[in-house]
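Below: structure-v4.pdb (PDB, N, CA and C atoms, pLDDT in the B column)
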ATOM      1  N   MET A 313      33.940  43.016 -45.933  1.00 79.00           N
ATOM      2  CA  MET A 313      34.855  44.097 -45.619  1.00 79.00           C
ATOM      3  C   MET A 313      35.222  44.030 -44.135  1.00 79.00           C
ATOM      4  N   LYS A 314      36.487  44.187 -43.858  1.00 88.00           N
ATOM      5  CA  LYS A 314      36.951  44.117 -42.472  1.00 88.00           C
ATOM      6  C   LYS A 314      36.609  45.406 -41.732  1.00 88.00           C
ATOM      7  N   SER A 315      36.425  45.255 -40.423  1.00 92.00           N
ATOM      8  CA  SER A 315      36.156  46.417 -39.579  1.00 92.00           C
ATOM      9  C   SER A 315      37.279  46.556 -38.557  1.00 92.00           C
ATOM     10  N   LEU A 316      37.266  47.652 -37.855  1.00 91.00           N
ATOM     11  CA  LEU A 316      38.286  47.914 -36.835  1.00 91.00           C
ATOM     12  C   LEU A 316      38.316  46.796 -35.791  1.00 91.00           C
ATOM     13  N   GLN A 317      37.159  46.210 -35.512  1.00 92.00           N
ATOM     14  CA  GLN A 317      37.076  45.151 -34.509  1.00 92.00           C
ATOM     15  C   GLN A 317      37.762  43.864 -34.958  1.00 92.00           C
ATOM     16  N   ASP A 318      38.093  43.773 -36.230  1.00 95.00           N
ATOM     17  CA  ASP A 318      38.790  42.593 -36.739  1.00 95.00           C
ATOM     18  C   ASP A 318      40.298  42.643 -36.465  1.00 95.00           C
ATOM     19  N   TYR A 319      40.761  43.744 -35.896  1.00 96.00           N
ATOM     20  CA  TYR A 319      42.195  43.943 -35.698  1.00 96.00           C
ATOM     21  C   TYR A 319      42.563  44.139 -34.230  1.00 96.00           C
ATOM     22  N   THR A 320      43.769  43.703 -33.908  1.00 95.00           N
ATOM     23  CA  THR A 320      44.345  43.968 -32.595  1.00 95.00           C
ATOM     24  C   THR A 320      44.709  45.447 -32.537  1.00 95.00           C
ATOM     25  N   THR A 321      44.233  46.128 -31.524  1.00 96.00           N
ATOM     26  CA  THR A 321      44.524  47.538 -31.327  1.00 96.00           C
ATOM     27  C   THR A 321      45.357  47.688 -30.054  1.00 96.00           C
ATOM     28  N   VAL A 322      46.397  48.499 -30.143  1.00 96.00           N
ATOM     29  CA  VAL A 322      47.250  48.774 -28.987  1.00 96.00           C
ATOM     30  C   VAL A 322      47.076  50.235 -28.612  1.00 96.00           C
ATOM     31  N   ILE A 323      46.860  50.491 -27.323  1.00 97.00           N
ATOM     32  CA  ILE A 323      46.789  51.854 -26.810  1.00 97.00           C
ATOM     33  C   ILE A 323      47.761  51.937 -25.641  1.00 97.00           C
ATOM     34  N   ARG A 324      48.667  52.921 -25.723  1.00 96.00           N
ATOM     35  CA  ARG A 324      49.679  53.044 -24.673  1.00 96.00           C
ATOM     36  C   ARG A 324      50.002  54.514 -24.444  1.00 96.00           C
ATOM     37  N   PRO A 325      50.528  54.825 -23.261  1.00 97.00           N
ATOM     38  CA  PRO A 325      50.963  56.209 -23.022  1.00 97.00           C
ATOM     39  C   PRO A 325      52.126  56.553 -23.944  1.00 97.00           C
ATOM     40  N   ASP A 326      52.140  57.794 -24.405  1.00 94.00           N
ATOM     41  CA  ASP A 326      53.229  58.278 -25.240  1.00 94.00           C
ATOM     42  C   ASP A 326      54.193  59.073 -24.357  1.00 94.00           C
ATOM     43  N   ASP A 327      55.342  59.419 -24.892  1.00 90.00           N
ATOM     44  CA  ASP A 327      56.370  60.102 -24.114  1.00 90.00           C
ATOM     45  C   ASP A 327      55.974  61.505 -23.658  1.00 90.00           C
ATOM     46  N   ASN A 328      55.050  62.145 -24.349  1.00 90.00           N
ATOM     47  CA  ASN A 328      54.718  63.529 -24.029  1.00 90.00           C
ATOM     48  C   ASN A 328      53.424  63.698 -23.236  1.00 90.00           C
ATOM     49  N   GLY A 329      52.983  62.664 -22.554  1.00 94.00           N
ATOM     50  CA  GLY A 329      51.796  62.747 -21.717  1.00 94.00           C
ATOM     51  C   GLY A 329      50.487  62.487 -22.440  1.00 94.00           C
ATOM     52  N   THR A 330      50.547  62.124 -23.707  1.00 97.00           N
ATOM     53  CA  THR A 330      49.342  61.765 -24.449  1.00 97.00           C
ATOM     54  C   THR A 330      49.307  60.247 -24.612  1.00 97.00           C
ATOM     55  N   TYR A 331      48.343  59.785 -25.363  1.00 98.00           N
ATOM     56  CA  TYR A 331      48.222  58.351 -25.634  1.00 98.00           C
ATOM     57  C   TYR A 331      48.273  58.117 -27.134  1.00 98.00           C
ATOM     58  N   VAL A 332      48.867  57.016 -27.515  1.00 98.00           N
ATOM     59  CA  VAL A 332      48.907  56.622 -28.918  1.00 98.00           C
ATOM     60  C   VAL A 332      48.132  55.315 -29.059  1.00 98.00           C
ATOM     61  N   ALA A 333      47.316  55.256 -30.107  1.00 98.00           N
ATOM     62  CA  ALA A 333      46.570  54.044 -30.440  1.00 98.00           C
ATOM     63  C   ALA A 333      46.996  53.637 -31.842  1.00 98.00           C
ATOM     64  N   TYR A 334      47.229  52.341 -32.028  1.00 98.00           N
ATOM     65  CA  TYR A 334      47.637  51.889 -33.357  1.00 98.00           C
ATOM     66  C   TYR A 334      47.239  50.452 -33.601  1.00 98.00           C
ATOM     67  N   ILE A 335      47.232  50.110 -34.889  1.00 97.00           N
ATOM     68  CA  ILE A 335      46.946  48.745 -35.320  1.00 97.00           C
ATOM     69  C   ILE A 335      48.243  48.208 -35.919  1.00 97.00           C
ATOM     70  N   PRO A 336      48.921  47.295 -35.233  1.00 96.00           N
ATOM     71  CA  PRO A 336      50.212  46.804 -35.716  1.00 96.00           C
ATOM     72  C   PRO A 336      50.172  46.192 -37.120  1.00 96.00           C
ATOM     73  N   ALA A 337      49.048  45.638 -37.510  1.00 97.00           N
ATOM     74  CA  ALA A 337      48.957  44.961 -38.806  1.00 97.00           C
ATOM     75  C   ALA A 337      48.865  45.926 -39.988  1.00 97.00           C
ATOM     76  N   ILE A 338      48.546  47.199 -39.711  1.00 97.00           N
ATOM     77  CA  ILE A 338      48.321  48.163 -40.794  1.00 97.00           C
ATOM     78  C   ILE A 338      49.313  49.313 -40.658  1.00 97.00           C
ATOM     79  N   SER A 339      50.246  49.350 -41.560  1.00 95.00           N
ATOM     80  CA  SER A 339      51.257  50.405 -41.548  1.00 95.00           C
ATOM     81  C   SER A 339      50.595  51.776 -41.647  1.00 95.00           C
ATOM     82  N   GLY A 340      50.974  52.674 -40.772  1.00 96.00           N
ATOM     83  CA  GLY A 340      50.453  54.039 -40.799  1.00 96.00           C
ATOM     84  C   GLY A 340      49.135  54.233 -40.089  1.00 96.00           C
ATOM     85  N   CYS A 341      48.574  53.194 -39.527  1.00 98.00           N
ATOM     86  CA  CYS A 341      47.283  53.308 -38.846  1.00 98.00           C
ATOM     87  C   CYS A 341      47.527  53.574 -37.363  1.00 98.00           C
ATOM     88  N   HIS A 342      47.715  54.849 -37.034  1.00 97.00           N
ATOM     89  CA  HIS A 342      47.964  55.249 -35.659  1.00 97.00           C
ATOM     90  C   HIS A 342      47.388  56.642 -35.420  1.00 97.00           C
ATOM     91  N   ALA A 343      47.076  56.926 -34.157  1.00 98.00           N
ATOM     92  CA  ALA A 343      46.487  58.211 -33.796  1.00 98.00           C
ATOM     93  C   ALA A 343      46.834  58.532 -32.349  1.00 98.00           C
ATOM     94  N   TRP A 344      46.738  59.804 -32.005  1.00 97.00           N
ATOM     95  CA  TRP A 344      47.041  60.246 -30.649  1.00 97.00           C
ATOM     96  C   TRP A 344      45.837  60.924 -30.040  1.00 97.00           C
ATOM     97  N   GLY A 345      45.822  60.951 -28.705  1.00 97.00           N
ATOM     98  CA  GLY A 345      44.776  61.654 -27.975  1.00 97.00           C
ATOM     99  C   GLY A 345      45.229  61.966 -26.571  1.00 97.00           C
ATOM    100  N   LYS A 346      44.507  62.858 -25.903  1.00 97.00           N
ATOM    101  CA  LYS A 346      44.842  63.237 -24.522  1.00 97.00           C
ATOM    102  C   LYS A 346      44.485  62.131 -23.539  1.00 97.00           C
ATOM    103  N   THR A 347      43.543  61.270 -23.947  1.00 98.00           N
ATOM    104  CA  THR A 347      43.118  60.144 -23.124  1.00 98.00           C
ATOM    105  C   THR A 347      43.108  58.891 -23.997  1.00 98.00           C
ATOM    106  N   PRO A 348      43.079  57.709 -23.385  1.00 98.00           N
ATOM    107  CA  PRO A 348      42.974  56.490 -24.194  1.00 98.00           C
ATOM    108  C   PRO A 348      41.719  56.489 -25.072  1.00 98.00           C
ATOM    109  N   ASP A 349      40.597  56.971 -24.541  1.00 97.00           N
ATOM    110  CA  ASP A 349      39.364  56.990 -25.326  1.00 97.00           C
ATOM    111  C   ASP A 349      39.463  57.943 -26.511  1.00 97.00           C
ATOM    112  N   GLU A 350      40.110  59.085 -26.319  1.00 98.00           N
ATOM    113  CA  GLU A 350      40.277  60.036 -27.413  1.00 98.00           C
ATOM    114  C   GLU A 350      41.181  59.450 -28.499  1.00 98.00           C
ATOM    115  N   ALA A 351      42.231  58.765 -28.081  1.00 98.00           N
ATOM    116  CA  ALA A 351      43.128  58.128 -29.056  1.00 98.00           C
ATOM    117  C   ALA A 351      42.382  57.055 -29.839  1.00 98.00           C
ATOM    118  N   ARG A 352      41.551  56.270 -29.169  1.00 97.00           N
ATOM    119  CA  ARG A 352      40.764  55.221 -29.830  1.00 97.00           C
ATOM    120  C   ARG A 352      39.775  55.840 -30.829  1.00 97.00           C
ATOM    121  N   LEU A 353      39.132  56.933 -30.453  1.00 97.00           N
ATOM    122  CA  LEU A 353      38.196  57.597 -31.340  1.00 97.00           C
ATOM    123  C   LEU A 353      38.908  58.121 -32.588  1.00 97.00           C
ATOM    124  N   GLU A 354      40.064  58.738 -32.411  1.00 98.00           N
ATOM    125  CA  GLU A 354      40.835  59.237 -33.551  1.00 98.00           C
ATOM    126  C   GLU A 354      41.292  58.085 -34.446  1.00 98.00           C
ATOM    127  N   LEU A 355      41.631  56.945 -33.830  1.00 98.00           N
ATOM    128  CA  LEU A 355      42.049  55.782 -34.601  1.00 98.00           C
ATOM    129  C   LEU A 355      40.926  55.310 -35.524  1.00 98.00           C
ATOM    130  N   ASN A 356      39.684  55.423 -35.069  1.00 97.00           N
ATOM    131  CA  ASN A 356      38.547  55.056 -35.917  1.00 97.00           C
ATOM    132  C   ASN A 356      38.565  55.849 -37.219  1.00 97.00           C
ATOM    133  N   TYR A 357      38.818  57.151 -37.121  1.00 97.00           N
ATOM    134  CA  TYR A 357      38.851  58.004 -38.314  1.00 97.00           C
ATOM    135  C   TYR A 357      39.997  57.613 -39.243  1.00 97.00           C
ATOM    136  N   VAL A 358      41.151  57.359 -38.663  1.00 98.00           N
ATOM    137  CA  VAL A 358      42.315  56.973 -39.466  1.00 98.00           C
ATOM    138  C   VAL A 358      42.052  55.642 -40.165  1.00 98.00           C
ATOM    139  N   PHE A 359      41.485  54.686 -39.432  1.00 98.00           N
ATOM    140  CA  PHE A 359      41.175  53.381 -40.007  1.00 98.00           C
ATOM    141  C   PHE A 359      40.231  53.534 -41.203  1.00 98.00           C
ATOM    142  N   GLU A 360      39.195  54.363 -41.052  1.00 97.00           N
ATOM    143  CA  GLU A 360      38.237  54.564 -42.146  1.00 97.00           C
ATOM    144  C   GLU A 360      38.917  55.161 -43.375  1.00 97.00           C
ATOM    145  N   MET A 361      39.830  56.114 -43.175  1.00 97.00           N
ATOM    146  CA  MET A 361      40.536  56.714 -44.308  1.00 97.00           C
ATOM    147  C   MET A 361      41.430  55.687 -45.008  1.00 97.00           C
ATOM    148  N   ILE A 362      42.127  54.870 -44.222  1.00 97.00           N
ATOM    149  CA  ILE A 362      42.999  53.846 -44.806  1.00 97.00           C
ATOM    150  C   ILE A 362      42.172  52.808 -45.537  1.00 97.00           C
ATOM    151  N   GLN A 363      41.066  52.405 -44.949  1.00 97.00           N
ATOM    152  CA  GLN A 363      40.190  51.424 -45.587  1.00 97.00           C
ATOM    153  C   GLN A 363      39.664  51.968 -46.926  1.00 97.00           C
ATOM    154  N   GLU A 364      39.296  53.228 -46.961  1.00 96.00           N
ATOM    155  CA  GLU A 364      38.824  53.847 -48.195  1.00 96.00           C
ATOM    156  C   GLU A 364      39.937  53.865 -49.251  1.00 96.00           C
ATOM    157  N   GLU A 365      41.151  54.167 -48.825  1.00 96.00           N
ATOM    158  CA  GLU A 365      42.292  54.180 -49.745  1.00 96.00           C
ATOM    159  C   GLU A 365      42.548  52.790 -50.326  1.00 96.00           C
ATOM    160  N   TYR A 366      42.490  51.771 -49.486  1.00 96.00           N
ATOM    161  CA  TYR A 366      42.669  50.395 -49.968  1.00 96.00           C
ATOM    162  C   TYR A 366      41.594  50.067 -51.006  1.00 96.00           C
ATOM    163  N   THR A 367      40.348  50.405 -50.710  1.00 96.00           N
ATOM    164  CA  THR A 367      39.244  50.110 -51.613  1.00 96.00           C
ATOM    165  C   THR A 367      39.413  50.825 -52.949  1.00 96.00           C
ATOM    166  N   GLU A 368      39.759  52.109 -52.898  1.00 97.00           N
ATOM    167  CA  GLU A 368      39.937  52.886 -54.133  1.00 97.00           C
ATOM    168  C   GLU A 368      41.048  52.325 -55.010  1.00 97.00           C
ATOM    169  N   ASN A 369      42.063  51.732 -54.374  1.00 97.00           N
ATOM    170  CA  ASN A 369      43.191  51.185 -55.116  1.00 97.00           C
ATOM    171  C   ASN A 369      43.058  49.696 -55.412  1.00 97.00           C
ATOM    172  N   GLY A 370      41.889  49.122 -55.100  1.00 96.00           N
ATOM    173  CA  GLY A 370      41.642  47.715 -55.386  1.00 96.00           C
ATOM    174  C   GLY A 370      42.472  46.765 -54.543  1.00 96.00           C
ATOM    175  N   LEU A 371      42.874  47.211 -53.363  1.00 95.00           N
ATOM    176  CA  LEU A 371      43.697  46.383 -52.474  1.00 95.00           C
ATOM    177  C   LEU A 371      42.838  45.725 -51.407  1.00 95.00           C
ATOM    178  N   VAL A 372      43.352  44.652 -50.845  1.00 95.00           N
ATOM    179  CA  VAL A 372      42.680  43.935 -49.763  1.00 95.00           C
ATOM    180  C   VAL A 372      43.349  44.323 -48.449  1.00 95.00           C
ATOM    181  N   MET A 373      42.543  44.631 -47.463  1.00 96.00           N
ATOM    182  CA  MET A 373      43.091  44.975 -46.143  1.00 96.00           C
ATOM    183  C   MET A 373      43.900  43.790 -45.619  1.00 96.00           C
ATOM    184  N   PRO A 374      45.024  44.069 -44.945  1.00 96.00           N
ATOM    185  CA  PRO A 374      45.861  42.983 -44.452  1.00 96.00           C
ATOM    186  C   PRO A 374      45.184  42.191 -43.334  1.00 96.00           C
ATOM    187  N   ASP A 375      45.658  40.977 -43.142  1.00 95.00           N
ATOM    188  CA  ASP A 375      45.179  40.165 -42.026  1.00 95.00           C
ATOM    189  C   ASP A 375      45.741  40.717 -40.727  1.00 95.00           C
ATOM    190  N   ASP A 376      45.053  40.438 -39.649  1.00 96.00           N
ATOM    191  CA  ASP A 376      45.536  40.838 -38.329  1.00 96.00           C
ATOM    192  C   ASP A 376      46.792  40.039 -38.001  1.00 96.00           C
ATOM    193  N   ILE A 377      47.550  40.545 -37.068  1.00 91.00           N
ATOM    194  CA  ILE A 377      48.726  39.835 -36.597  1.00 91.00           C
ATOM    195  C   ILE A 377      48.545  39.487 -35.136  1.00 91.00           C
ATOM    196  N   GLU A 378      49.264  38.496 -34.697  1.00 85.00           N
ATOM    197  CA  GLU A 378      49.216  38.103 -33.286  1.00 85.00           C
ATOM    198  C   GLU A 378      50.387  38.759 -32.573  1.00 85.00           C
ATOM    199  N   LEU A 379      50.075  39.494 -31.523  1.00 80.00           N
ATOM    200  CA  LEU A 379      51.127  40.129 -30.737  1.00 80.00           C
ATOM    201  C   LEU A 379      51.630  39.175 -29.679  1.00 80.00           C
ATOM    202  N   VAL A 380      52.918  39.137 -29.515  1.00 76.00           N
ATOM    203  CA  VAL A 380      53.537  38.350 -28.450  1.00 76.00           C
ATOM    204  C   VAL A 380      54.196  39.332 -27.514  1.00 76.00           C
ATOM    205  N   ILE A 381      53.744  39.353 -26.262  1.00 75.00           N
ATOM    206  CA  ILE A 381      54.286  40.279 -25.289  1.00 75.00           C
ATOM    207  C   ILE A 381      55.324  39.547 -24.453  1.00 75.00           C
ATOM    208  N   ALA A 382      56.553  40.015 -24.555  1.00 74.00           N
ATOM    209  CA  ALA A 382      57.646  39.379 -23.833  1.00 74.00           C
ATOM    210  C   ALA A 382      57.658  39.846 -22.380  1.00 74.00           C
ATOM    211  N   ASN A 383      58.024  38.968 -21.508  1.00 71.00           N
ATOM    212  CA  ASN A 383      58.153  39.294 -20.097  1.00 71.00           C
ATOM    213  C   ASN A 383      59.440  40.091 -19.915  1.00 71.00           C
ATOM    214  N   ALA A 384      59.334  41.275 -19.327  1.00 62.00           N
ATOM    215  CA  ALA A 384      60.487  42.180 -19.195  1.00 62.00           C
ATOM    216  C   ALA A 384      61.387  41.824 -18.017  1.00 62.00           C
ATOM    217  N   SER A 385      61.117  40.765 -17.308  1.00 59.00           N
ATOM    218  CA  SER A 385      61.939  40.458 -16.131  1.00 59.00           C
ATOM    219  C   SER A 385      63.226  39.748 -16.460  1.00 59.00           C
TER     220      SER A 385
END

As C-alpha cells, how would this structure be written, given the file I've shared?
Amino acid sequence: MKSLQDYTTVIRPDDNGTYVAYIPAISGCHAWGKTPDEARLELNYVFEMIQEEYTENGLVMPDDIELVIANAS
C-alpha cells in the first residue's frame, strides 16, 4: 500500500494568506492551513480518506508524477 511519502507534495502560499498543500498525482487531494505545517497535517487526513475510498472501491492508488518547474524568466 502506498503512503503519503510515495508522492510528490506541493505546498505554496494561497491568495488569501493561507497555504495550500496538494498531491498533483491524486485528483482532489488538497488541503489548506494557516501555516505550511498546518496545511501538510491536513493533507495527511485528506490522503487517508482518499486512500480508504480507493481501497473500498477496489481501486489502485495512482503512480506519482514528476513535476517540471519551468523557469519564469

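When CA of Tyr334 (chain A) is paired with CA of Ile381 (chain A), their separation reads 15.6 Å.
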
>> Since I can't run it myself right now, could you work out what the PyMOL selection byres ((chain A and resi 355-371) around 6.5) selects here and report it as a list in words?
In response: Ala333, Cys341, His342, Ala343, Trp344, Glu350, Ala351, Arg352, Leu353, Glu354, Val372 and Met373 of chain A

Expected file contents, prior selection, N, CA and C atoms, as an mmCIF file, in the frame of the given file:
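And here's part-v3.cif as it stands now:
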data_model
loop_
_atom_site.group_PDB
_atom_site.id
_atom_site.type_symbol
_atom_site.label_atom_id
_atom_site.label_comp_id
_atom_site.auth_asym_id
_atom_site.auth_seq_id
_atom_site.Cartn_x
_atom_site.Cartn_y
_atom_site.Cartn_z
ATOM 1 N N ALA A 333 47.316 55.256 -30.107
ATOM 2 C CA ALA A 333 46.570 54.044 -30.440
ATOM 3 C C ALA A 333 46.996 53.637 -31.842
ATOM 4 N N CYS A 341 48.574 53.194 -39.527
ATOM 5 C CA CYS A 341 47.283 53.308 -38.846
ATOM 6 C C CYS A 341 47.527 53.574 -37.363
ATOM 7 N N HIS A 342 47.715 54.849 -37.034
ATOM 8 C CA HIS A 342 47.964 55.249 -35.659
ATOM 9 C C HIS A 342 47.388 56.642 -35.420
ATOM 10 N N ALA A 343 47.076 56.926 -34.157
ATOM 11 C CA ALA A 343 46.487 58.211 -33.796
ATOM 12 C C ALA A 343 46.834 58.532 -32.349
ATOM 13 N N TRP A 344 46.738 59.804 -32.005
ATOM 14 C CA TRP A 344 47.041 60.246 -30.649
ATOM 15 C C TRP A 344 45.837 60.924 -30.040
ATOM 16 N N GLU A 350 40.110 59.085 -26.319
ATOM 17 C CA GLU A 350 40.277 60.036 -27.413
ATOM 18 C C GLU A 350 41.181 59.450 -28.499
ATOM 19 N N ALA A 351 42.231 58.765 -28.081
ATOM 20 C CA ALA A 351 43.128 58.128 -29.056
ATOM 21 C C ALA A 351 42.382 57.055 -29.839
ATOM 22 N N ARG A 352 41.551 56.270 -29.169
ATOM 23 C CA ARG A 352 40.764 55.221 -29.830
ATOM 24 C C ARG A 352 39.775 55.840 -30.829
ATOM 25 N N LEU A 353 39.132 56.933 -30.453
ATOM 26 C CA LEU A 353 38.196 57.597 -31.340
ATOM 27 C C LEU A 353 38.908 58.121 -32.588
ATOM 28 N N GLU A 354 40.064 58.738 -32.411
ATOM 29 C CA GLU A 354 40.835 59.237 -33.551
ATOM 30 C C GLU A 354 41.292 58.085 -34.446
ATOM 31 N N VAL A 372 43.352 44.652 -50.845
ATOM 32 C CA VAL A 372 42.680 43.935 -49.763
ATOM 33 C C VAL A 372 43.349 44.323 -48.449
ATOM 34 N N MET A 373 42.543 44.631 -47.463
ATOM 35 C CA MET A 373 43.091 44.975 -46.143
ATOM 36 C C MET A 373 43.900 43.790 -45.619
#

Please give the centre and size of the box around region 346-353 of chain A (axis-aligned, containing every atom listed in the file, 6 Å added per side), with values in Å to one decimal and written as AutoDock Vina command-line options.
--center_x 41.5 --center_y 59.2 --center_z -27.9 --size_x 18.6 --size_y 20.0 --size_z 21.5

> Per DSSP on the backbone, what are the alpha helix (DSSP H) residues of chain A, as a PyMOL selection string?
Replying inline: chain A and resi 348-368

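Excluding Asp376 (chain A) itself and same-chain residues fewer than 5 positions from it, the residues having an atom within 7 Å of it are Tyr319, Thr320 and Ala337 of chain A, counting only C-alpha atoms.
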
Saved selection, atoms kept: N, CA and C atoms, as an mmCIF file, in the coordinates of the input:
data_model
loop_
_atom_site.group_PDB
_atom_site.id
_atom_site.type_symbol
_atom_site.label_atom_id
_atom_site.label_comp_id
_atom_site.auth_asym_id
_atom_site.auth_seq_id
_atom_site.Cartn_x
_atom_site.Cartn_y
_atom_site.Cartn_z
ATOM 1 N N TYR A 319 40.761 43.744 -35.896
ATOM 2 C CA TYR A 319 42.195 43.943 -35.698
ATOM 3 C C TYR A 319 42.563 44.139 -34.230
ATOM 4 N N THR A 320 43.769 43.703 -33.908
ATOM 5 C CA THR A 320 44.345 43.968 -32.595
ATOM 6 C C THR A 320 44.709 45.447 -32.537
ATOM 7 N N ALA A 337 49.048 45.638 -37.510
ATOM 8 C CA ALA A 337 48.957 44.961 -38.806
ATOM 9 C C ALA A 337 48.865 45.926 -39.988
#

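The shortest atom-to-atom distance to Leu379 (chain A), with only C-alpha atoms taken into account, belongs to A:Val322 out of A:Val332, A:Ile338, A:Val322, A:Leu316.
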
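If you measure from each of A:Gly345, A:Lys314, A:Ala382, A:Pro374 to Thr330 (chain A) using only C-alpha atoms, the closest one turns out to be A:Gly345.
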
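Here the strand (DSSP E or B) residues in chain A, by DSSP on the backbone, are A:Val322, A:Ile323, A:Arg324, A:Pro325, A:Tyr331, A:Val332, A:Ala333, A:Tyr334, A:His342, A:Ala343, A:Trp344, A:Gly345.
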
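For the pair atom C of Asp326 (chain A) and atom N of Asp375 (chain A), the separation is 27.4 Å.
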
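Distance-wise, atom C of Pro348 (chain A) and CA of Ser315 (chain A) end up 18.5 Å apart.
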
Please, could all heavy atoms be added to region 342-349 of chain A and the result written as a PDB file, keeping the file's coordinate frame?
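To be explicit, this is the file written out as rebuild-v8.pdb:
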ATOM      1  N   HIS A 342      47.715  54.849 -37.034  1.00 97.00           N
ATOM      2  CA  HIS A 342      47.964  55.249 -35.659  1.00 97.00           C
ATOM      3  C   HIS A 342      47.388  56.642 -35.420  1.00 97.00           C
ATOM      4  O   HIS A 342      47.205  57.414 -36.358  1.00 97.00           O
ATOM      5  CB  HIS A 342      49.455  55.216 -35.331  1.00 97.00           C
ATOM      6  CG  HIS A 342      50.293  55.989 -36.299  1.00 97.00           C
ATOM      7  ND1 HIS A 342      50.803  55.394 -37.428  1.00 97.00           N
ATOM      8  CD2 HIS A 342      50.662  57.285 -36.352  1.00 97.00           C
ATOM      9  CE1 HIS A 342      51.486  56.294 -38.124  1.00 97.00           C
ATOM     10  NE2 HIS A 342      51.408  57.456 -37.495  1.00 97.00           N
ATOM     11  N   ALA A 343      47.076  56.926 -34.157  1.00 98.00           N
ATOM     12  CA  ALA A 343      46.487  58.211 -33.796  1.00 98.00           C
ATOM     13  C   ALA A 343      46.834  58.532 -32.349  1.00 98.00           C
ATOM     14  O   ALA A 343      47.171  57.642 -31.568  1.00 98.00           O
ATOM     15  CB  ALA A 343      44.977  58.157 -33.975  1.00 98.00           C
ATOM     16  N   TRP A 344      46.738  59.804 -32.005  1.00 97.00           N
ATOM     17  CA  TRP A 344      47.041  60.246 -30.649  1.00 97.00           C
ATOM     18  C   TRP A 344      45.837  60.924 -30.040  1.00 97.00           C
ATOM     19  O   TRP A 344      44.980  61.436 -30.735  1.00 97.00           O
ATOM     20  CB  TRP A 344      48.212  61.238 -30.663  1.00 97.00           C
ATOM     21  CG  TRP A 344      49.516  60.599 -30.911  1.00 97.00           C
ATOM     22  CD1 TRP A 344      50.420  60.181 -29.973  1.00 97.00           C
ATOM     23  CD2 TRP A 344      50.098  60.275 -32.164  1.00 97.00           C
ATOM     24  NE1 TRP A 344      51.507  59.610 -30.576  1.00 97.00           N
ATOM     25  CE2 TRP A 344      51.337  59.656 -31.936  1.00 97.00           C
ATOM     26  CE3 TRP A 344      49.681  60.426 -33.486  1.00 97.00           C
ATOM     27  CZ2 TRP A 344      52.156  59.219 -32.954  1.00 97.00           C
ATOM     28  CZ3 TRP A 344      50.497  59.989 -34.507  1.00 97.00           C
ATOM     29  CH2 TRP A 344      51.719  59.389 -34.227  1.00 97.00           C
ATOM     30  N   GLY A 345      45.822  60.951 -28.705  1.00 97.00           N
ATOM     31  CA  GLY A 345      44.776  61.654 -27.975  1.00 97.00           C
ATOM     32  C   GLY A 345      45.229  61.966 -26.571  1.00 97.00           C
ATOM     33  O   GLY A 345      46.203  61.394 -26.073  1.00 97.00           O
ATOM     34  N   LYS A 346      44.507  62.858 -25.903  1.00 97.00           N
ATOM     35  CA  LYS A 346      44.842  63.237 -24.522  1.00 97.00           C
ATOM     36  C   LYS A 346      44.485  62.131 -23.539  1.00 97.00           C
ATOM     37  O   LYS A 346      45.036  62.057 -22.446  1.00 97.00           O
ATOM     38  CB  LYS A 346      44.131  64.526 -24.141  1.00 97.00           C
ATOM     39  CG  LYS A 346      44.630  65.729 -24.911  1.00 97.00           C
ATOM     40  CD  LYS A 346      43.876  66.981 -24.510  1.00 97.00           C
ATOM     41  CE  LYS A 346      44.364  68.160 -25.355  1.00 97.00           C
ATOM     42  NZ  LYS A 346      43.598  69.376 -25.053  1.00 97.00           N
ATOM     43  N   THR A 347      43.543  61.270 -23.947  1.00 98.00           N
ATOM     44  CA  THR A 347      43.118  60.144 -23.124  1.00 98.00           C
ATOM     45  C   THR A 347      43.108  58.891 -23.997  1.00 98.00           C
ATOM     46  O   THR A 347      43.089  58.991 -25.229  1.00 98.00           O
ATOM     47  CB  THR A 347      41.704  60.360 -22.567  1.00 98.00           C
ATOM     48  OG1 THR A 347      40.776  60.362 -23.667  1.00 98.00           O
ATOM     49  CG2 THR A 347      41.599  61.662 -21.764  1.00 98.00           C
ATOM     50  N   PRO A 348      43.079  57.709 -23.385  1.00 98.00           N
ATOM     51  CA  PRO A 348      42.974  56.490 -24.194  1.00 98.00           C
ATOM     52  C   PRO A 348      41.719  56.489 -25.072  1.00 98.00           C
ATOM     53  O   PRO A 348      41.774  56.080 -26.228  1.00 98.00           O
ATOM     54  CB  PRO A 348      42.936  55.372 -23.157  1.00 98.00           C
ATOM     55  CG  PRO A 348      43.642  55.927 -21.969  1.00 98.00           C
ATOM     56  CD  PRO A 348      43.301  57.391 -21.960  1.00 98.00           C
ATOM     57  N   ASP A 349      40.597  56.971 -24.541  1.00 97.00           N
ATOM     58  CA  ASP A 349      39.364  56.990 -25.326  1.00 97.00           C
ATOM     59  C   ASP A 349      39.463  57.943 -26.511  1.00 97.00           C
ATOM     60  O   ASP A 349      38.966  57.645 -27.596  1.00 97.00           O
ATOM     61  CB  ASP A 349      38.172  57.382 -24.444  1.00 97.00           C
ATOM     62  CG  ASP A 349      37.760  56.270 -23.498  1.00 97.00           C
ATOM     63  OD1 ASP A 349      38.073  55.089 -23.785  1.00 97.00           O
ATOM     64  OD2 ASP A 349      37.122  56.580 -22.477  1.00 97.00           O
TER      65      ASP A 349
END
